[in-house]
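Colleague: Quick one: this structure, given as structure tokens, is what I'll be asking you about.
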Amino acid sequence: MTGGGKCFYLNFFEFQDSGIIKPDGNDNQIIGLKDYPTSNITSKKLDNYYYIFSPDYPVAEMHGFKIFNWDMPNQTILTADYDNNKDKDLVPYTEERFPGSALSSPANKYIVYTMSTKKEESTGADTGISAKFNPFLLDSNLIAKNTETGEETTLLENTYNRQLFTSFSDFSDSGEYFYTISHDGNKFNFIRGELATGEVKDFSNVFEYFDWSKIEWNEFFPKSNDYSYACFSLSPDEERLVAYKNYYATDMDNPCYTKSTHRLWLFNLESGETKIIDKQKGYVSDITWETNGQKFALAIMTNCGCYPDYLDAKIDIFNKNAEFDKTLVTEPSSKITNMGWSPDSKNIVYDVYSMDFIGRLKLVNIGDGIITELINTKTIEGSVNKETPTLIMFSDWVIEP
């Protein structure tokens with residue numbers, strides 16, 4: 001309770017359906033997903049899409065709050081085509097493991113996914129903290145599946161977890177390689193996995209100009225008292241690696257309000273230099289690169305509080321050396337969760353919701369800054385339910401076959 005009133009917050013607890021949204025806003029297609037989805041859909045080509053689902057409702061209650069159970073033991077990766085939504089199981093769960101994260105490669109040639117060890121009890125209500133968010137576990141394998149042949153290749157075995165997949169999971173433009181972080185129980189390593197062969201190399205053998213032994217992993221993955229972990233993004237030209245980490249400090253006079261800052265790291269893989277930009281206002285929710293790797297954008301929330309002591313969102317553009325270019329978008333009293341630079345480099349699309357509880361998908365032109373609203377949840381559903389509002393989450397751009 002603050003100021004004599006209740007403190008409210010929005011908490012995700014259920015995926016519903018998905019869809020294809022055209023940049024011109026026409027001929028959109030709703031995709032009905034099977035049973036209970038436990039991930040966004042992933043797709044890079046307009047032929048097939050993929051997502052993880054469970055036949056059982058993946059929501060539990062803890063202390064009167066609904067929480068999503070990321071550790072459902074019967075999750076399966078499903079594939080379906082866009083034309084008629086005909087689906088089939090692609091990666092089922094096993095007696096010991098389940099798929100918990102998945103991404104499709106360029107042209108949908110591979111699905112890279114985790115297979116995580118099942119918990120003894122997967123109710124999600126025992127601690128409220130899922131293994132999905134623990135970067136120190138050795139509970140997962142990292143596997144690449146060729147969607148054309150069905151052949152599977154294990155890239156990492158028992159040296160991986162779902163938080164590392166969340167923190168860093170990039171493909172090369174060619175679709176040949178997958179970049180992420182391994183953890184052997186003693187140390188973390190940046191690695192590159194070749195999807196066809198399963199060959200894994202440390203970054204020290206891939207980007208030799210950079211001294212990777214100087215990486216301070218404790219700054220990215222603190223061992224205690226800080227559960228906000230770093231995220232990494234490799235530029236499409238593989239010349240820069242950007243990392244960001246968010247920091248939060250609660251105001252004890254107003255427990256509903258949290259002061260947030262972030263730090264940026266720029267690793268120049270050509271010169272071997274590191275640039276650190278510290279104590280930047282707000283927290284970062286997403287990063288996206290221009291197709292040619294010359295610029296990147298950050299979605300930044302400039303404060304953090306409960307509704308209606310809310311957020312101000314913006315999208316800032318930087319050049320490849322992390323030098324500020326311009327603020328492309330400002331969304332007062334709103335939150336941006338996901339965004340993506342278009343393949344032709346002309347636009348960025350982003351999802352946003354505000355104090356009216358309406359979720360929106362918008363497109364902004366990089367050149368003139370004109371913003372176009374493509375779709376919103378009130379149009380889709382005909383009304384707004386403020387008790388359980390429906391929000392839009394941008395997943396990815398897909399290209400025509």
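We name chains A, B, ... following the order of the structure tokens; residues begin at 1 in each chain, and ligands are numbered from 1 as shown.
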When you look at Gln29 in chain A with a cut-off of 12 Å (counting only C-alpha atoms), what residues show up, excluding the ones that are within fewer than 3 positions of it in the same chain? I need them as a ChimeraX atom specification.
Modeller: /A:17-22,25-26,32,82-85,375,380
Colleague: Write out, as a Markdown table, each residue of range 223-313 of chain A that has an atom at most 12 Å from range 189-211 of chain A, together with the closest pair of atoms and their distance in Å to one decimal, counting only C-alpha atoms, rows going by chain and rising number.
Modeller:
| residue | atom | partner | partner_atom | distance |
| --- | --- | --- | --- | --- |
| A:Phe232 | CA | A:Phe190 | CA | 10.3 |
| A:Ser233 | CA | A:Phe190 | CA | 11.7 |
| A:Leu234 | CA | A:Phe190 | CA | 11.3 |
| A:Glu238 | CA | A:Phe207 | CA | 9.0 |
| A:Glu239 | CA | A:Phe207 | CA | 9.0 |
| A:Arg240 | CA | A:Phe207 | CA | 10.3 |
| A:Leu241 | CA | A:Phe207 | CA | 10.7 |
| A:Leu266 | CA | A:Phe210 | CA | 11.9 |
| A:Phe267 | CA | A:Phe210 | CA | 8.1 |
| A:Asn268 | CA | A:Phe210 | CA | 7.7 |
| A:Leu269 | CA | A:Phe210 | CA | 5.8 |
| A:Glu270 | CA | A:Tyr209 | CA | 6.3 |
| A:Ser271 | CA | A:Tyr209 | CA | 6.5 |
| A:Gly272 | CA | A:Phe210 | CA | 4.1 |
| A:Glu273 | CA | A:Phe210 | CA | 7.3 |
| A:Thr274 | CA | A:Phe210 | CA | 9.0 |
Colleague: Store the residues picked out above in a file with N, CA and C atoms, as a short mmCIF file (atom, residue, chain, number, x, y, z; two decimals), in the first residue's frame.
Modeller:
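Result saved to part.cif:
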data_model
loop_
_atom_site.label_atom_id
_atom_site.label_comp_id
_atom_site.auth_asym_id
_atom_site.auth_seq_id
_atom_site.Cartn_x
_atom_site.Cartn_y
_atom_site.Cartn_z
N PHE A 232 23.43 -10.04 -24.50
CA PHE A 232 24.47 -9.79 -25.50
C PHE A 232 23.87 -9.86 -26.90
N SER A 233 24.46 -9.09 -27.81
CA SER A 233 24.00 -9.09 -29.19
C SER A 233 25.18 -8.86 -30.12
N LEU A 234 25.37 -9.77 -31.06
CA LEU A 234 26.46 -9.69 -32.03
C LEU A 234 25.96 -8.99 -33.28
N GLU A 238 29.46 -9.12 -37.63
CA GLU A 238 30.33 -9.79 -36.66
C GLU A 238 31.58 -8.98 -36.34
N GLU A 239 31.42 -7.65 -36.31
CA GLU A 239 32.54 -6.77 -35.96
C GLU A 239 32.39 -6.16 -34.58
N ARG A 240 31.19 -6.22 -33.99
CA ARG A 240 30.94 -5.67 -32.67
C ARG A 240 30.08 -6.63 -31.87
N LEU A 241 30.35 -6.67 -30.58
CA LEU A 241 29.49 -7.37 -29.63
C LEU A 241 29.06 -6.36 -28.58
N LEU A 266 30.70 -2.25 -25.19
CA LEU A 266 30.91 -2.45 -26.61
C LEU A 266 32.27 -3.12 -26.79
N PHE A 267 32.24 -4.35 -27.30
CA PHE A 267 33.47 -5.08 -27.59
C PHE A 267 33.76 -4.96 -29.08
N ASN A 268 34.85 -4.26 -29.39
CA ASN A 268 35.25 -4.07 -30.78
C ASN A 268 36.08 -5.28 -31.20
N LEU A 269 35.50 -6.15 -32.01
CA LEU A 269 36.16 -7.41 -32.37
C LEU A 269 37.22 -7.20 -33.45
N GLU A 270 37.30 -6.00 -34.01
CA GLU A 270 38.34 -5.67 -34.99
C GLU A 270 39.60 -5.14 -34.29
N SER A 271 39.41 -4.21 -33.35
CA SER A 271 40.56 -3.58 -32.70
C SER A 271 40.94 -4.22 -31.37
N GLY A 272 40.01 -4.99 -30.78
CA GLY A 272 40.28 -5.59 -29.48
C GLY A 272 39.97 -4.67 -28.32
N GLU A 273 39.39 -3.50 -28.58
CA GLU A 273 39.11 -2.53 -27.52
C GLU A 273 37.73 -2.77 -26.91
N THR A 274 37.60 -2.36 -25.65
CA THR A 274 36.33 -2.42 -24.93
C THR A 274 35.92 -1.02 -24.51
#
Colleague: Using only C-alpha atoms, find the one residue out of A:Phe178, A:Tyr49, A:Tyr57, A:Tyr353 that sits nearest to Val112 in chain A.
Modeller: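 Going through A:Phe178, A:Tyr49, A:Tyr57, A:Tyr353 one by one, the smallest distance to Val112 in chain A is for A:Phe178.
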Colleague: Using only C-alpha atoms for the distances, tell me which of A:Lys346, A:Lys326, A:Lys145, A:Lys320 is nearest to Pro236 in chain A.
Modeller: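 Smallest separation from Pro236 in chain A among the options: A:Lys320.
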Colleague: Nearest to Ile215 in chain A among A:Phe65, A:Asn158, A:Gln294, A:Phe188, with distances taken over only C-alpha atoms: which residue is it?
Modeller: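 Comparing A:Phe65, A:Asn158, A:Gln294, A:Phe188 against Ile215 in chain A, the winner is A:Phe188.
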Colleague: To one decimal place in Å, what is the distance between CA of Phe165 in chain A and CA of Ala60 in chain A?
Modeller: 24.0 Å
Colleague: Which of these, A:Trp341, A:Trp212, A:Phe133, A:Tyr248, has the shortest distance to Gly293 in chain A once you count only C-alpha atoms?
Modeller: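 For Gly293 in chain A, the nearest of the given residues is A:Trp341.
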Colleague: Skip Gln163 in chain A itself and residues of its chain fewer than 3 positions away, then list as a PyMOL selection string all residues within 10 Å of it, counting only C-alpha atoms.
Modeller: chain A and resi 101+131-137+160+166-168+181+229-231
Colleague: Quick one, how far is CA of Gly359 in chain A from CA of Glu14 in chain A?
Modeller: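 Spanning CA of Gly359 in chain A to CA of Glu14 in chain A is a straight-line distance of 14.7 Å.
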Colleague: Could you pull out the strand (DSSP E or B) residues of range 254-358 of chain A from DSSP and send them as a PyMOL selection string?
Modeller: chain A and resi 254-268+274-281+283-289+295-301+304-305+307+313-319+324-331+334-341+347-354
Colleague: Store the residues picked out above, limited to C-alpha atoms, as a tab-separated table (two decimals), in the first residue's frame.
Modeller:
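New file again.tsv:
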chain	number	residue	atom	x	y	z
A	254	ASN	CA	7.70	4.31	-2.16
A	255	PRO	CA	8.11	0.52	-2.51
A	256	CYS	CA	6.14	0.64	-5.75
A	257	TYR	CA	8.82	2.77	-7.41
A	258	THR	CA	12.17	1.41	-8.55
A	259	LYS	CA	15.02	3.53	-9.85
A	260	SER	CA	16.63	1.87	-12.83
A	261	THR	CA	19.91	2.39	-14.66
A	262	HIS	CA	21.88	0.38	-17.18
A	263	ARG	CA	25.43	-0.16	-18.33
A	264	LEU	CA	26.57	-0.75	-21.90
A	265	TRP	CA	29.65	-2.64	-23.05
A	266	LEU	CA	30.91	-2.45	-26.61
A	267	PHE	CA	33.47	-5.08	-27.59
A	268	ASN	CA	35.25	-4.07	-30.78
A	274	THR	CA	36.33	-2.42	-24.93
A	275	LYS	CA	34.12	0.61	-24.34
A	276	ILE	CA	31.96	0.89	-21.21
A	277	ILE	CA	29.14	3.42	-20.84
A	278	ASP	CA	28.01	3.41	-17.22
A	279	LYS	CA	25.04	4.72	-15.21
A	280	GLN	CA	22.69	5.32	-18.10
A	281	LYS	CA	19.16	6.32	-17.08
A	283	TYR	CA	16.53	-0.03	-18.10
A	284	VAL	CA	16.89	-1.73	-21.48
A	285	SER	CA	14.18	-4.15	-22.61
A	286	ASP	CA	15.52	-5.06	-26.07
A	287	ILE	CA	18.21	-4.48	-28.69
A	288	THR	CA	18.10	-4.78	-32.47
A	289	TRP	CA	20.70	-4.24	-35.21
A	295	LYS	CA	23.72	0.91	-36.21
A	296	PHE	CA	21.80	-0.62	-33.33
A	297	ALA	CA	18.73	0.45	-31.38
A	298	LEU	CA	17.86	0.11	-27.70
A	299	ALA	CA	14.36	0.10	-26.22
A	300	ILE	CA	14.71	1.93	-22.90
A	301	MET	CA	12.23	2.45	-20.06
A	304	CYS	CA	10.11	1.62	-13.25
A	305	GLY	CA	7.07	1.57	-11.02
A	307	TYR	CA	0.59	1.13	-12.37
A	313	ALA	CA	9.52	4.36	-23.11
A	314	LYS	CA	11.82	5.36	-25.93
A	315	ILE	CA	13.90	3.87	-28.72
A	316	ASP	CA	17.42	5.28	-29.06
A	317	ILE	CA	19.67	4.77	-32.09
A	318	PHE	CA	23.44	4.35	-31.78
A	319	ASN	CA	26.18	3.84	-34.35
A	324	PHE	CA	24.37	8.13	-29.60
A	325	ASP	CA	22.68	9.10	-32.86
A	326	LYS	CA	19.09	10.07	-32.02
A	327	THR	CA	15.94	9.22	-30.10
A	328	LEU	CA	13.73	7.67	-32.73
A	329	VAL	CA	10.58	7.07	-30.66
A	330	THR	CA	9.13	8.34	-27.39
A	331	GLU	CA	6.12	6.61	-25.82
A	334	SER	CA	4.15	3.20	-21.81
A	335	LYS	CA	6.31	0.12	-22.05
A	336	ILE	CA	8.06	-1.36	-25.08
A	337	THR	CA	8.94	-5.03	-24.70
A	338	ASN	CA	10.22	-6.26	-28.08
A	339	MET	CA	11.32	-4.71	-31.36
A	340	GLY	CA	13.06	-5.62	-34.60
A	341	TRP	CA	14.83	-3.80	-37.43
A	347	ASN	CA	11.82	0.53	-40.37
A	348	ILE	CA	11.70	-0.74	-36.83
A	349	VAL	CA	8.59	-2.48	-35.58
A	350	TYR	CA	7.85	-2.59	-31.84
A	351	ASP	CA	5.14	-3.60	-29.41
A	352	VAL	CA	3.91	-1.14	-26.78
A	353	TYR	CA	1.21	-0.92	-24.14
A	354	SER	CA	0.14	2.00	-22.01
Colleague: Report the distance between CA of Glu152 in chain A and CA of Val91 in chain A in Å, rounded to one decimal place.
Modeller: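 It comes out at 10.3 Å.
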Colleague: Find the residues near Pro58 in chain A: any atom within 9 Å, counting only C-alpha atoms, skip ones fewer than 2 places away on the same chain, and give them as a list in words.
Modeller: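 That gives Phe13, Glu14, Tyr36, Pro37, Thr38, Ser54, Pro55, Asp56, Ala60, Ile67, Phe68, Asn69, Trp70, Asp71, Met72, Thr123 and Gly124 of chain A.
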Colleague: Would you kindly return, as a list in words, each protein, DNA or RNA residue with an atom no farther than 7 Å from any atom of Ile77 in chain A, considering only C-alpha atoms and excluding same-chain residues fewer than 5 positions away?
Modeller: Tyr50, Tyr51, Ile52, Phe53, Asp89, Leu90, Val91, Pro92 and Pro99 of chain A
